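S.K.: File coords_35.cif follows (mmCIF, C-alpha atoms):
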```cif
data_structure
loop_
_atom_site.label_atom_id
_atom_site.label_comp_id
_atom_site.auth_asym_id
_atom_site.auth_seq_id
_atom_site.Cartn_x
_atom_site.Cartn_y
_atom_site.Cartn_z
CA MET G 1 7.58 69.22 -32.50
CA ASN G 2 8.90 72.17 -34.52
CA PRO G 3 12.46 73.36 -33.78
CA ALA G 4 11.75 76.67 -35.48
CA SER G 5 9.56 77.57 -32.50
CA TYR G 6 12.59 77.81 -30.17
CA THR G 7 13.02 81.47 -31.14
CA ALA G 8 9.83 82.32 -29.19
CA VAL G 9 11.53 81.78 -25.81
CA ASP G 10 11.82 84.97 -23.80
CA SER G 11 15.32 86.44 -23.55
CA LEU G 12 15.12 86.50 -19.72
CA SER G 13 13.73 82.99 -19.29
CA PHE G 14 15.15 79.55 -18.70
CA ILE G 15 12.58 76.81 -19.40
CA PHE G 16 12.87 73.35 -17.88
CA ASP G 17 10.23 70.84 -18.95
CA ALA G 18 9.51 67.24 -17.88
CA GLY G 19 6.59 64.86 -18.24
CA MET G 20 5.31 61.37 -17.47
CA SER G 21 2.24 59.22 -18.25
CA LEU G 22 0.12 56.75 -16.29
CA LYS G 23 -1.70 54.28 -18.54
CA SER G 24 -4.45 51.69 -18.19
CA SER G 25 -5.21 49.58 -21.27
CA ASN G 26 -8.10 47.19 -21.85
CA PHE G 27 -7.48 44.62 -24.60
CA GLN G 28 -10.01 42.36 -26.31
CA GLU G 29 -9.61 39.68 -28.96
CA GLY G 30 -12.80 37.72 -29.59
CA GLN G 31 -13.98 36.40 -26.24
CA TYR G 32 -10.65 37.05 -24.48
CA LYS G 33 -10.08 40.20 -22.43
CA SER G 34 -7.11 41.54 -20.50
CA ASN G 35 -6.01 44.67 -18.67
CA ALA G 36 -2.54 46.20 -18.29
CA LYS G 37 -1.35 49.16 -16.23
CA ASN G 38 1.99 50.91 -16.52
CA ALA G 39 3.78 54.21 -16.16
CA SER G 40 6.28 55.80 -18.53
CA PHE G 41 8.67 58.73 -18.58
CA ASP G 42 7.85 60.96 -21.57
CA TYR G 43 10.47 63.68 -21.89
CA ILE G 44 12.85 66.08 -20.19
CA GLY G 45 14.26 69.21 -21.76
CA MET G 46 15.56 72.72 -21.26
CA GLN G 47 15.29 75.79 -23.45
CA PHE G 48 16.97 79.20 -23.38
CA ARG G 49 18.00 82.13 -25.57
CA LEU G 50 21.56 82.29 -26.92
CA HIS G 51 21.09 85.46 -28.96
CA PRO G 52 18.19 87.84 -29.72
CA ARG G 53 17.56 85.75 -32.86
CA LEU G 54 18.73 82.33 -31.64
CA GLY G 55 17.04 79.90 -29.23
CA MET G 56 18.38 76.52 -28.09
CA THR G 57 16.91 73.32 -26.67
CA ILE G 58 18.60 70.28 -25.12
CA GLY G 59 16.51 67.24 -24.28
CA TYR G 60 16.03 63.53 -23.73
CA THR G 61 12.97 61.52 -24.75
CA PRO G 62 12.04 57.88 -25.36
CA PHE G 63 11.74 57.26 -29.11
CA SER G 64 9.88 53.93 -28.94
CA THR G 65 9.04 51.30 -26.33
CA VAL G 66 8.27 47.57 -26.34
CA GLY G 67 6.62 45.75 -23.43
CA TYR G 68 4.43 42.63 -23.50
CA ASN G 69 4.27 39.19 -21.91
CA PHE G 70 1.41 36.78 -22.60
CA THR G 71 0.79 33.05 -23.07
CA ARG G 72 -1.63 30.98 -25.12
CA THR G 73 -2.30 27.23 -24.89
CA LYS G 74 -3.90 25.02 -27.54
CA PRO G 75 -4.16 21.29 -28.34
CA ILE G 76 -1.64 19.57 -30.56
CA ASP G 77 -3.06 18.45 -33.88
CA ASN G 78 -3.95 14.73 -33.92
CA SER G 79 -3.43 14.48 -30.15
CA SER G 80 -6.21 14.48 -27.57
CA ASP G 81 -4.13 14.78 -24.38
CA VAL G 82 -1.07 16.89 -25.31
CA THR G 83 -1.14 20.71 -25.46
CA ILE G 84 1.43 23.29 -26.45
CA SER G 85 1.90 26.58 -24.59
CA ASN G 86 3.43 29.55 -26.40
CA ASN G 87 4.81 32.44 -24.35
CA PHE G 88 5.43 35.74 -26.17
CA TYR G 89 7.76 38.25 -24.53
CA GLY G 90 9.08 41.62 -25.63
CA ASP G 91 11.02 44.29 -23.75
CA GLY G 92 13.22 47.33 -24.33
CA GLY G 93 13.08 50.49 -26.38
CA LEU G 94 14.97 53.27 -28.10
CA GLN G 95 15.95 56.56 -26.47
CA GLN G 96 16.97 59.87 -27.98
CA ILE G 97 19.32 62.60 -26.73
CA PHE G 98 19.07 65.71 -28.88
CA GLY G 99 20.02 69.34 -29.23
CA GLY G 100 18.28 71.92 -31.37
CA LEU G 101 18.59 75.49 -32.59
CA GLY G 102 15.95 77.89 -33.81
CA PHE G 103 16.96 80.99 -35.80
CA LYS G 104 14.74 84.00 -36.48
CA VAL G 105 15.40 84.96 -40.11
CA PHE G 106 12.95 87.87 -40.12
CA ASP G 107 10.55 89.25 -37.54
CA HIS G 108 7.83 86.75 -38.49
CA LEU G 109 9.87 83.89 -39.98
CA SER G 110 11.97 81.30 -38.11
CA ILE G 111 13.80 78.12 -39.09
CA GLY G 112 15.26 75.39 -36.89
CA ALA G 113 16.84 71.95 -36.67
CA ASN G 114 17.25 69.13 -34.14
CA ILE G 115 20.14 66.67 -34.26
CA GLY G 116 19.94 63.65 -31.97
CA TYR G 117 21.63 60.41 -31.02
CA LEU G 118 19.30 57.40 -31.14
CA TYR G 119 20.24 54.28 -29.18
CA GLY G 120 18.80 51.29 -27.33
CA LYS G 121 18.05 47.56 -27.37
CA LEU G 122 14.90 45.58 -28.23
CA GLN G 123 14.42 41.98 -27.10
CA TYR G 124 11.84 39.53 -28.45
CA GLN G 125 11.37 35.91 -27.41
CA THR G 126 8.86 33.15 -28.12
CA THR G 127 8.88 29.95 -26.04
CA ALA G 128 7.03 26.74 -27.02
CA THR G 129 6.48 24.16 -24.23
CA LEU G 130 4.77 20.76 -24.55
CA SER G 131 2.56 19.50 -21.70
CA ASN G 132 4.06 15.97 -21.88
CA GLY G 133 7.50 17.22 -20.82
CA GLY G 134 9.07 17.18 -24.29
CA ASP G 135 11.73 19.57 -25.54
CA GLN G 136 11.18 23.31 -25.09
CA THR G 137 11.92 25.54 -28.08
CA ILE G 138 12.98 29.17 -27.63
CA THR G 139 13.14 31.55 -30.58
CA TYR G 140 14.83 34.85 -29.77
CA ASN G 141 15.64 38.12 -31.50
CA THR G 142 17.79 40.92 -30.02
CA VAL G 143 18.16 44.23 -31.87
CA SER G 144 20.65 46.92 -30.77
CA VAL G 145 20.57 50.37 -32.37
CA SER G 146 23.10 53.21 -32.37
CA THR G 147 22.43 55.89 -34.96
CA TYR G 148 21.49 59.54 -35.58
CA HIS G 149 18.17 61.33 -35.90
CA ALA G 150 17.53 64.70 -37.54
CA SER G 151 14.48 66.95 -37.91
CA PHE G 152 13.93 70.39 -39.42
CA GLY G 153 11.25 73.05 -39.16
CA LEU G 154 9.94 76.36 -40.45
CA GLN G 155 7.46 78.68 -38.75
CA TYR G 156 5.81 81.84 -40.06
CA THR G 157 3.50 84.12 -38.06
CA GLN G 158 1.24 86.65 -39.77
CA PRO G 159 -0.61 89.27 -37.70
CA ILE G 160 -4.17 89.81 -38.91
CA ASN G 161 -5.04 92.78 -36.71
CA LYS G 162 -4.21 94.06 -33.24
CA THR G 163 -5.76 91.04 -31.51
CA ASP G 164 -5.38 88.12 -33.92
CA GLU G 165 -2.55 86.28 -35.65
CA ILE G 166 -2.08 83.10 -37.69
CA THR G 167 0.97 80.83 -37.50
CA LEU G 168 1.97 78.28 -40.14
CA GLY G 169 4.43 75.53 -39.24
CA LEU G 170 6.18 72.99 -41.48
CA THR G 171 8.36 70.09 -40.29
CA TYR G 172 10.44 67.31 -41.82
CA ASN G 173 12.07 64.31 -40.08
CA LEU G 174 14.83 62.57 -42.01
CA GLY G 175 14.16 58.89 -42.70
CA HIS G 176 17.00 56.40 -43.14
CA VAL G 177 18.21 52.85 -42.49
CA LEU G 178 19.24 52.47 -38.86
CA ASN G 179 22.72 51.43 -37.85
CA SER G 180 21.61 48.23 -36.08
CA HIS G 181 22.74 44.73 -35.20
CA ASP G 182 20.13 41.97 -35.09
CA THR G 183 20.95 38.63 -33.45
CA GLN G 184 18.41 35.92 -34.27
CA GLY G 185 18.52 32.34 -33.04
CA THR G 186 16.74 29.22 -31.82
CA GLN G 187 17.47 27.20 -28.69
CA ILE G 188 16.18 23.76 -27.71
CA THR G 189 16.22 22.47 -24.14
CA ASN G 190 15.28 19.22 -22.50
CA GLY G 191 14.98 20.89 -19.11
CA SER G 192 18.64 20.92 -18.08
CA ASN G 193 20.91 21.49 -21.11
CA TYR G 194 20.58 24.20 -23.75
CA SER G 195 22.03 23.94 -27.22
CA VAL G 196 22.08 26.61 -29.91
CA VAL G 197 20.57 25.09 -33.02
CA ASN G 198 20.96 28.14 -35.22
CA GLU G 199 22.08 31.75 -34.71
CA GLN G 200 22.80 34.52 -37.17
CA ARG G 201 23.57 38.23 -37.05
CA ILE G 202 22.02 40.67 -39.52
CA ASP G 203 23.18 44.28 -39.78
CA ASP G 204 21.20 47.37 -40.80
CA SER G 205 17.89 45.54 -41.29
CA TYR G 206 15.54 48.21 -39.85
CA GLY G 207 14.64 51.78 -40.76
CA ILE G 208 12.63 54.85 -39.82
CA PRO G 209 10.44 56.83 -42.25
CA HIS G 210 10.61 60.25 -43.82
CA THR G 211 8.00 62.31 -41.95
CA TYR G 212 6.29 65.48 -43.17
CA GLY G 213 4.14 67.73 -41.00
CA ALA G 214 2.09 70.89 -41.42
CA GLY G 215 0.20 72.88 -38.82
CA LEU G 216 -1.94 76.00 -38.68
CA ALA G 217 -2.77 77.95 -35.52
CA TRP G 218 -5.03 80.94 -34.87
CA LYS G 219 -4.43 83.00 -31.73
CA HIS G 220 -6.84 85.60 -30.38
CA GLN G 221 -5.15 88.05 -28.00
CA LYS G 222 -3.56 85.89 -25.29
CA ASN G 223 -6.80 84.12 -24.43
CA LEU G 224 -7.66 81.65 -27.18
CA THR G 225 -5.55 79.40 -29.44
CA VAL G 226 -7.06 76.99 -31.99
CA GLU G 227 -4.86 74.79 -34.15
CA ALA G 228 -4.79 71.82 -36.50
CA ASP G 229 -1.92 69.51 -37.49
CA TYR G 230 -1.40 67.03 -40.30
CA THR G 231 1.39 64.43 -40.32
CA LEU G 232 2.44 62.00 -43.05
CA GLN G 233 4.92 59.20 -42.28
CA LYS G 234 6.25 57.47 -45.40
CA TRP G 235 6.49 53.97 -43.92
CA SER G 236 5.97 52.14 -47.21
CA GLY G 237 9.28 50.61 -48.28
CA VAL G 238 10.91 51.06 -44.85
CA LYS G 239 12.92 48.04 -43.69
CA TYR G 240 11.68 45.68 -40.98
CA ASN G 241 13.85 42.59 -40.50
CA ASN G 242 15.12 43.20 -44.05
CA ARG G 243 11.57 43.10 -45.44
CA THR G 244 10.02 46.14 -47.09
CA ASP G 245 6.41 44.96 -47.45
CA LEU G 246 5.22 45.06 -43.81
CA TYR G 247 4.51 48.80 -43.60
CA GLN G 248 2.17 51.29 -45.22
CA ASP G 249 2.10 55.09 -45.08
CA ARG G 250 0.59 56.54 -41.90
CA THR G 251 -1.36 59.79 -41.67
CA LYS G 252 -2.49 61.62 -38.56
CA VAL G 253 -4.90 64.55 -38.23
CA ALA G 254 -5.16 66.41 -34.92
CA VAL G 255 -7.08 69.46 -33.72
CA GLY G 256 -6.88 71.28 -30.41
CA ALA G 257 -7.71 74.44 -28.52
CA GLU G 258 -6.57 76.25 -25.39
CA TYR G 259 -8.56 78.91 -23.54
CA LEU G 260 -7.15 81.24 -20.88
CA PRO G 261 -9.82 83.50 -19.29
CA LYS G 262 -7.29 86.00 -17.88
CA GLU G 263 -3.51 86.07 -18.02
CA TYR G 264 -3.40 88.02 -14.75
CA GLY G 265 -6.02 88.22 -12.03
CA ARG G 266 -6.79 87.49 -8.42
CA ASN G 267 -9.22 84.67 -9.25
CA TYR G 268 -7.13 81.51 -9.62
CA LEU G 269 -9.73 79.74 -11.81
CA SER G 270 -9.50 82.57 -14.36
CA ARG G 271 -5.73 81.96 -14.73
CA ILE G 272 -6.07 78.24 -15.48
CA ARG G 273 -5.50 77.21 -19.11
CA TYR G 274 -8.31 74.92 -20.33
CA ARG G 275 -7.35 72.53 -23.13
CA VAL G 276 -9.18 70.08 -25.39
CA GLY G 277 -8.04 68.01 -28.37
CA ALA G 278 -8.80 65.09 -30.68
CA TYR G 279 -6.96 63.07 -33.33
CA TYR G 280 -7.27 60.26 -35.84
CA ALA G 281 -4.45 58.12 -37.25
CA ASN G 282 -4.36 55.04 -39.45
CA SER G 283 -1.93 52.20 -38.71
CA ASN G 284 1.45 51.90 -40.37
CA LEU G 285 1.31 48.08 -40.09
CA GLN G 286 0.48 45.48 -42.70
CA ILE G 287 -0.01 42.12 -41.00
CA PRO G 288 0.48 38.92 -43.04
CA VAL G 289 -2.46 36.54 -42.51
CA GLY G 290 -2.26 33.51 -44.78
CA GLN G 291 -1.76 34.79 -48.29
CA ASN G 292 -3.22 38.22 -47.52
CA MET G 293 -1.99 41.42 -45.87
CA ILE G 294 -4.34 43.00 -43.33
CA GLU G 295 -4.05 46.59 -42.16
CA GLY G 296 -3.36 47.28 -38.51
CA PRO G 297 -5.85 49.09 -36.25
CA ASP G 298 -6.91 52.71 -36.71
CA GLU G 299 -6.56 55.02 -33.71
CA TYR G 300 -9.02 57.59 -32.38
CA GLY G 301 -8.18 59.80 -29.42
CA VAL G 302 -9.70 62.63 -27.38
CA SER G 303 -8.18 64.59 -24.51
CA PHE G 304 -9.04 67.27 -21.99
CA GLY G 305 -6.64 69.01 -19.65
CA PHE G 306 -5.61 71.94 -17.53
CA GLY G 307 -2.56 74.18 -17.27
CA LEU G 308 -2.30 75.11 -13.60
CA PRO G 309 -0.10 78.11 -12.76
CA LEU G 310 2.08 77.63 -9.69
CA ARG G 311 2.86 80.50 -7.33
CA LEU G 312 6.61 80.53 -7.75
CA TYR G 313 8.76 83.53 -8.52
CA GLN G 314 7.29 85.55 -11.43
CA ARG G 315 4.39 83.01 -11.56
CA ASN G 316 5.46 81.51 -14.88
CA THR G 317 5.83 77.87 -13.78
CA MET G 318 2.96 75.58 -14.79
CA LEU G 319 1.70 72.12 -13.91
CA SER G 320 -0.11 70.45 -16.82
CA ILE G 321 -2.57 67.60 -16.21
CA THR G 322 -4.28 65.91 -19.16
CA GLY G 323 -6.67 62.98 -19.40
CA GLN G 324 -6.74 61.08 -22.69
CA TYR G 325 -8.89 58.28 -24.10
CA VAL G 326 -7.62 56.29 -27.11
CA HIS G 327 -9.49 53.59 -29.03
CA ALA G 328 -7.59 51.27 -31.38
CA LYS G 329 -10.12 49.80 -33.81
CA PRO G 330 -8.99 46.72 -35.79
CA SER G 331 -9.72 46.35 -39.48
CA THR G 332 -11.29 42.89 -38.95
CA SER G 333 -13.48 41.65 -36.11
CA ASN G 334 -11.14 38.87 -34.93
CA MET G 335 -8.12 41.13 -34.33
CA LEU G 336 -6.95 42.74 -31.10
CA SER G 337 -8.70 45.97 -30.07
CA GLU G 338 -7.67 48.35 -27.31
CA ASN G 339 -9.21 51.03 -25.13
CA ARG G 340 -6.50 53.07 -23.42
CA PHE G 341 -6.87 55.63 -20.66
CA VAL G 342 -3.88 57.91 -20.09
CA LEU G 343 -3.14 60.49 -17.43
CA LYS G 344 -0.35 62.84 -18.53
CA ILE G 345 1.48 65.02 -16.00
CA GLY G 346 3.94 67.71 -17.07
CA LEU G 347 5.88 70.39 -15.20
CA THR G 348 7.12 73.45 -17.07
CA PHE G 349 9.53 75.48 -14.97
CA ASN G 350 9.72 78.88 -16.68
CA GLU G 351 11.46 81.52 -14.61
CA HIS G 352 13.42 84.74 -15.13
CA TRP G 353 16.95 83.52 -14.45
CA PHE G 354 18.85 86.11 -16.48
CA MET G 355 17.41 89.27 -14.98
CA LYS G 356 19.88 91.79 -13.54
CA TRP G 357 18.75 93.22 -10.23
CA ARG G 358 19.40 96.76 -9.00
CA VAL G 359 19.07 98.07 -5.47
CA ASN G 360 18.26 101.75 -5.11
#
```
What is this file in structure tokens?

M.R.:
Amino acid sequence: MNPASYTAVDSLSFIFDAGMSLKSSNFQEGQYKSNAKNASFDYIGMQFRLHPRLGMTIGYTPFSTVGYNFTRTKPIDNSSDVTISNNFYGDGGLQQIFGGLGFKVFDHLSIGANIGYLYGKLQYQTTATLSNGGDQTITYNTVSVSTYHASFGLQYTQPINKTDEITLGLTYNLGHVLNSHDTQGTQITNGSNYSVVNEQRIDDSYGIPHTYGAGLAWKHQKNLTVEADYTLQKWSGVKYNNRTDLYQDRTKVAVGAEYLPKEYGRNYLSRIRYRVGAYYANSNLQIPVGQNMIEGPDEYGVSFGFGLPLRLYQRNTMLSITGQYVHAKPSTSNMLSENRFVLKIGLTFNEHWFMKWRVN
């Protein structure tokens, strides 16, 4: 999250990190309920020291994902025996390949930057089908993105005494209009022949926000870390389909703690890292309903996890397992709510690859 932290990597270590998530979501809208299960790849990265004051990271991570497929059926106005079925489908996502450097300016102060390539394709489609066998209407929207992404960070650590220290972190992600191509169109079919009624291409009609972050961490010896983060995403005014009124600013507040009974010891349970966290975030969405704009759902999340040391060479490799519960609470009672259960699994391979051996 903060590229300035790359300078903390040990000079003898090579860190390889990867993670995935297993999710189960329960949705409810009025009297209707549904469940969805899926798995996702979260990140892969490597980190190493280039110089006593310079650390580097190379990584790949999904930037955003889209995935839904549902249908609703309702009667046609002024018709007692004809219904219309609407199918809503979305698929795709954006991925990011990035490289970053962290530079230690002074003993307690570091700065850093990530530069990435952002790319991918998003597909949206709505199909309207009449029960009497009439024409089927398909409205589609395909967005392809190929652009850059940049983030910057600063980190300052201040020792309090021999056992305690405080770290302040500041981050900034550059917001801008994405280099994108959006193909929008409508097709009508009678069951055998398709004809394009209307299709247009719109360029550069989406954007990402300027993002500001601040975090404060307190560390006691090597046993206890407590921290808090605040994030502000300036979504207001950001483009969506060439509109700038569908977003609002999003804030997120998160707190967390990690406890390690003993860094070294024969008792395996005493070398496990115990972690707990919680967060709150408001939605960045403004949803048009009639003549009004309604805010999207707020999010509340709690998590609990373990860092399990693995008995590989030097015993630095760790398996992280975290369980998370997230509740998305809508601003009005008739909107979609969600309860999401997530199991996160991460492997951090941290070994001494650059050590020179001597045989006496």

S.K.: Pick from G:Leu308, G:Met20, G:Ile84, G:Ile272: nearest to G:Ala128, with all atoms listed in the file counted?

M.R.: G:Ile84

S.K.: Which is closest to G:Ser25 among G:Asn241, G:Ser337, G:Gln184, G:Thr127, if we use all atoms listed in the file?

M.R.: G:Ser337

S.K.: With distances taken over all atoms listed in the file, which residue among G:Tyr156, G:Tyr268, G:Phe63, G:Tyr68 lies nearest G:Lys37?

M.R.: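 Nearest candidate to G:Lys37 out of G:Tyr156, G:Tyr268, G:Phe63, G:Tyr68: G:Tyr68.
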
S.K.: Separation of atom CA of G:Asp42 and atom CA of G:Gln96, in Å?

M.R.: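 Taking atom CA of G:Asp42 and atom CA of G:Gln96, their separation equals 11.2 Å.
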
S.K.: For the file shown, report as a ChimeraX atom specification the outcome of the PyMOL selection byres ((chain G and resi 154) around 10) at residue level.

M.R.: /G:2-5,102-104,109-113,152-153,155-156,168-172,214

S.K.: Any chance you can output those residues with C-alpha atoms as a CSV table (one decimal), keeping the file's coordinate frame?

M.R.:
```
chain,number,residue,atom,x,y,z
G,2,ASN,CA,8.9,72.2,-34.5
G,3,PRO,CA,12.5,73.4,-33.8
G,4,ALA,CA,11.8,76.7,-35.5
G,5,SER,CA,9.6,77.6,-32.5
G,102,GLY,CA,16.0,77.9,-33.8
G,103,PHE,CA,17.0,81.0,-35.8
G,104,LYS,CA,14.7,84.0,-36.5
G,109,LEU,CA,9.9,83.9,-40.0
G,110,SER,CA,12.0,81.3,-38.1
G,111,ILE,CA,13.8,78.1,-39.1
G,112,GLY,CA,15.3,75.4,-36.9
G,113,ALA,CA,16.8,72.0,-36.7
G,152,PHE,CA,13.9,70.4,-39.4
G,153,GLY,CA,11.2,73.0,-39.2
G,155,GLN,CA,7.5,78.7,-38.8
G,156,TYR,CA,5.8,81.8,-40.1
G,168,LEU,CA,2.0,78.3,-40.1
G,169,GLY,CA,4.4,75.5,-39.2
G,170,LEU,CA,6.2,73.0,-41.5
G,171,THR,CA,8.4,70.1,-40.3
G,172,TYR,CA,10.4,67.3,-41.8
G,214,ALA,CA,2.1,70.9,-41.4
```

S.K.: Hey, which bits of stretch 12-77 of chain G sit within 10 Å of stretch 346-349 of chain G, and for each residue what's the closest pair of atoms and how far apart in Å (one decimal), counting only C-alpha atoms, rows by chain and increasing number, as CSV?

M.R.:
```
residue,atom,partner,partner_atom,distance
G:Ser13,CA,G:Phe349,CA,9.6
G:Phe14,CA,G:Phe349,CA,7.9
G:Ile15,CA,G:Phe349,CA,5.5
G:Phe16,CA,G:Phe349,CA,4.9
G:Asp17,CA,G:Thr348,CA,4.5
G:Ala18,CA,G:Leu347,CA,5.5
G:Gly19,CA,G:Gly346,CA,4.1
G:Met20,CA,G:Gly346,CA,6.5
G:Ser21,CA,G:Gly346,CA,8.7
G:Asp42,CA,G:Gly346,CA,9.0
G:Tyr43,CA,G:Gly346,CA,9.1
G:Ile44,CA,G:Gly346,CA,9.6
G:Gly45,CA,G:Thr348,CA,9.5
G:Met46,CA,G:Phe349,CA,9.1
```

S.K.: Check what the PyMOL selection byres ((chain G and resi 225) around 10) selects in the file above and give those residues as a list of chain:residue names.

M.R.: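 Going through the file, the PyMOL selection byres ((chain G and resi 225) around 10) ends up selecting G:Asp164, G:Glu165, G:Ile166, G:Ala217, G:Trp218, G:Lys219, G:His220, G:Gln221, G:Lys222, G:Asn223, G:Leu224, G:Val226, G:Glu227, G:Gly256, G:Ala257, G:Glu258, G:Tyr259, G:Leu260, G:Arg275.
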
S.K.: Given the choices G:Pro75, G:Gly215, G:Gly296, G:Pro309, which gets closest to G:Leu269 if the distance is worked out from all atoms listed in the file?

M.R.: G:Pro309

S.K.: Could you tell me how far atom CA of G:Ser40 sits from atom CA of G:Leu22, in Å to one decimal place?

M.R.: 6.6 Å

S.K.: Written as number ranges by chain, what is the full residue list that the PyMOL selection byres ((chain G and resi 278-282) around 6) yields on the file shown?

M.R.: G: 250-255, 277, 283, 298-302

S.K.: What is the atom CA of G:Thr73-atom CA of G:Thr189 distance in Å, reported with one decimal?

M.R.: 19.1 Å

S.K.: Taking the block above, write stretch 120-175 of chain G with C-alpha atoms as a PDB file, in the first residue's frame.

M.R.:
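Output (decode.pdb):
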```pdb
ATOM      1  CA  GLY G 120      -8.286  -5.033 -19.497  1.00  0.00           C
ATOM      2  CA  LYS G 121     -11.800  -5.302 -20.914  1.00  0.00           C
ATOM      3  CA  LEU G 122     -15.251  -4.914 -19.335  1.00  0.00           C
ATOM      4  CA  GLN G 123     -18.385  -6.310 -20.973  1.00  0.00           C
ATOM      5  CA  TYR G 124     -21.973  -5.397 -20.095  1.00  0.00           C
ATOM      6  CA  GLN G 125     -25.130  -6.706 -21.757  1.00  0.00           C
ATOM      7  CA  THR G 126     -28.870  -6.439 -21.148  1.00  0.00           C
ATOM      8  CA  THR G 127     -31.297  -8.697 -23.032  1.00  0.00           C
ATOM      9  CA  ALA G 128     -35.075  -8.120 -23.205  1.00  0.00           C
ATOM     10  CA  THR G 129     -37.216 -11.100 -24.313  1.00  0.00           C
ATOM     11  CA  LEU G 130     -41.009 -11.183 -24.745  1.00  0.00           C
ATOM     12  CA  SER G 131     -42.943 -14.318 -23.752  1.00  0.00           C
ATOM     13  CA  ASN G 132     -45.097 -14.206 -26.935  1.00  0.00           C
ATOM     14  CA  GLY G 133     -42.065 -14.804 -29.174  1.00  0.00           C
ATOM     15  CA  GLY G 134     -41.632 -11.199 -30.306  1.00  0.00           C
ATOM     16  CA  ASP G 135     -38.345  -9.526 -31.143  1.00  0.00           C
ATOM     17  CA  GLN G 136     -35.474  -9.797 -28.658  1.00  0.00           C
ATOM     18  CA  THR G 137     -33.541  -6.620 -27.875  1.00  0.00           C
ATOM     19  CA  ILE G 138     -29.894  -6.728 -26.787  1.00  0.00           C
ATOM     20  CA  THR G 139     -28.148  -3.636 -25.453  1.00  0.00           C
ATOM     21  CA  TYR G 140     -24.393  -4.052 -25.090  1.00  0.00           C
ATOM     22  CA  ASN G 141     -21.425  -2.050 -23.877  1.00  0.00           C
ATOM     23  CA  THR G 142     -17.763  -3.119 -24.203  1.00  0.00           C
ATOM     24  CA  VAL G 143     -15.004  -1.038 -22.593  1.00  0.00           C
ATOM     25  CA  SER G 144     -11.300  -1.696 -23.249  1.00  0.00           C
ATOM     26  CA  VAL G 145      -8.643   0.103 -21.191  1.00  0.00           C
ATOM     27  CA  SER G 146      -4.907   0.548 -21.749  1.00  0.00           C
ATOM     28  CA  THR G 147      -3.320   3.208 -19.567  1.00  0.00           C
ATOM     29  CA  TYR G 148      -0.859   3.949 -16.742  1.00  0.00           C
ATOM     30  CA  HIS G 149      -1.203   4.020 -12.974  1.00  0.00           C
ATOM     31  CA  ALA G 150       1.073   5.785 -10.498  1.00  0.00           C
ATOM     32  CA  SER G 151       1.254   5.966  -6.699  1.00  0.00           C
ATOM     33  CA  PHE G 152       3.657   7.614  -4.259  1.00  0.00           C
ATOM     34  CA  GLY G 153       4.446   7.241  -0.583  1.00  0.00           C
ATOM     35  CA  LEU G 154       6.350   8.584   2.401  1.00  0.00           C
ATOM     36  CA  GLN G 155       7.124   6.775   5.649  1.00  0.00           C
ATOM     37  CA  TYR G 156       8.715   8.093   8.835  1.00  0.00           C
ATOM     38  CA  THR G 157       9.588   6.003  11.904  1.00  0.00           C
ATOM     39  CA  GLN G 158      10.282   7.615  15.270  1.00  0.00           C
ATOM     40  CA  PRO G 159      11.689   5.518  18.138  1.00  0.00           C
ATOM     41  CA  ILE G 160      10.077   6.370  21.474  1.00  0.00           C
ATOM     42  CA  ASN G 161      12.320   4.282  23.709  1.00  0.00           C
ATOM     43  CA  LYS G 162      14.224   1.003  23.529  1.00  0.00           C
ATOM     44  CA  THR G 163      11.055  -1.063  23.064  1.00  0.00           C
ATOM     45  CA  ASP G 164       8.561   1.192  21.265  1.00  0.00           C
ATOM     46  CA  GLU G 165       8.374   3.092  17.993  1.00  0.00           C
ATOM     47  CA  ILE G 166       5.757   4.977  15.976  1.00  0.00           C
ATOM     48  CA  THR G 167       5.541   4.966  12.175  1.00  0.00           C
ATOM     49  CA  LEU G 168       3.669   7.539  10.081  1.00  0.00           C
ATOM     50  CA  GLY G 169       2.806   6.739   6.466  1.00  0.00           C
ATOM     51  CA  LEU G 170       1.395   8.999   3.736  1.00  0.00           C
ATOM     52  CA  THR G 171       0.286   7.869   0.260  1.00  0.00           C
ATOM     53  CA  TYR G 172      -1.070   9.433  -2.912  1.00  0.00           C
ATOM     54  CA  ASN G 173      -2.486   7.704  -6.019  1.00  0.00           C
ATOM     55  CA  LEU G 174      -2.657   9.800  -9.172  1.00  0.00           C
ATOM     56  CA  GLY G 175      -6.165  10.184 -10.595  1.00  0.00           C
TER      57      GLY G 175
END
```
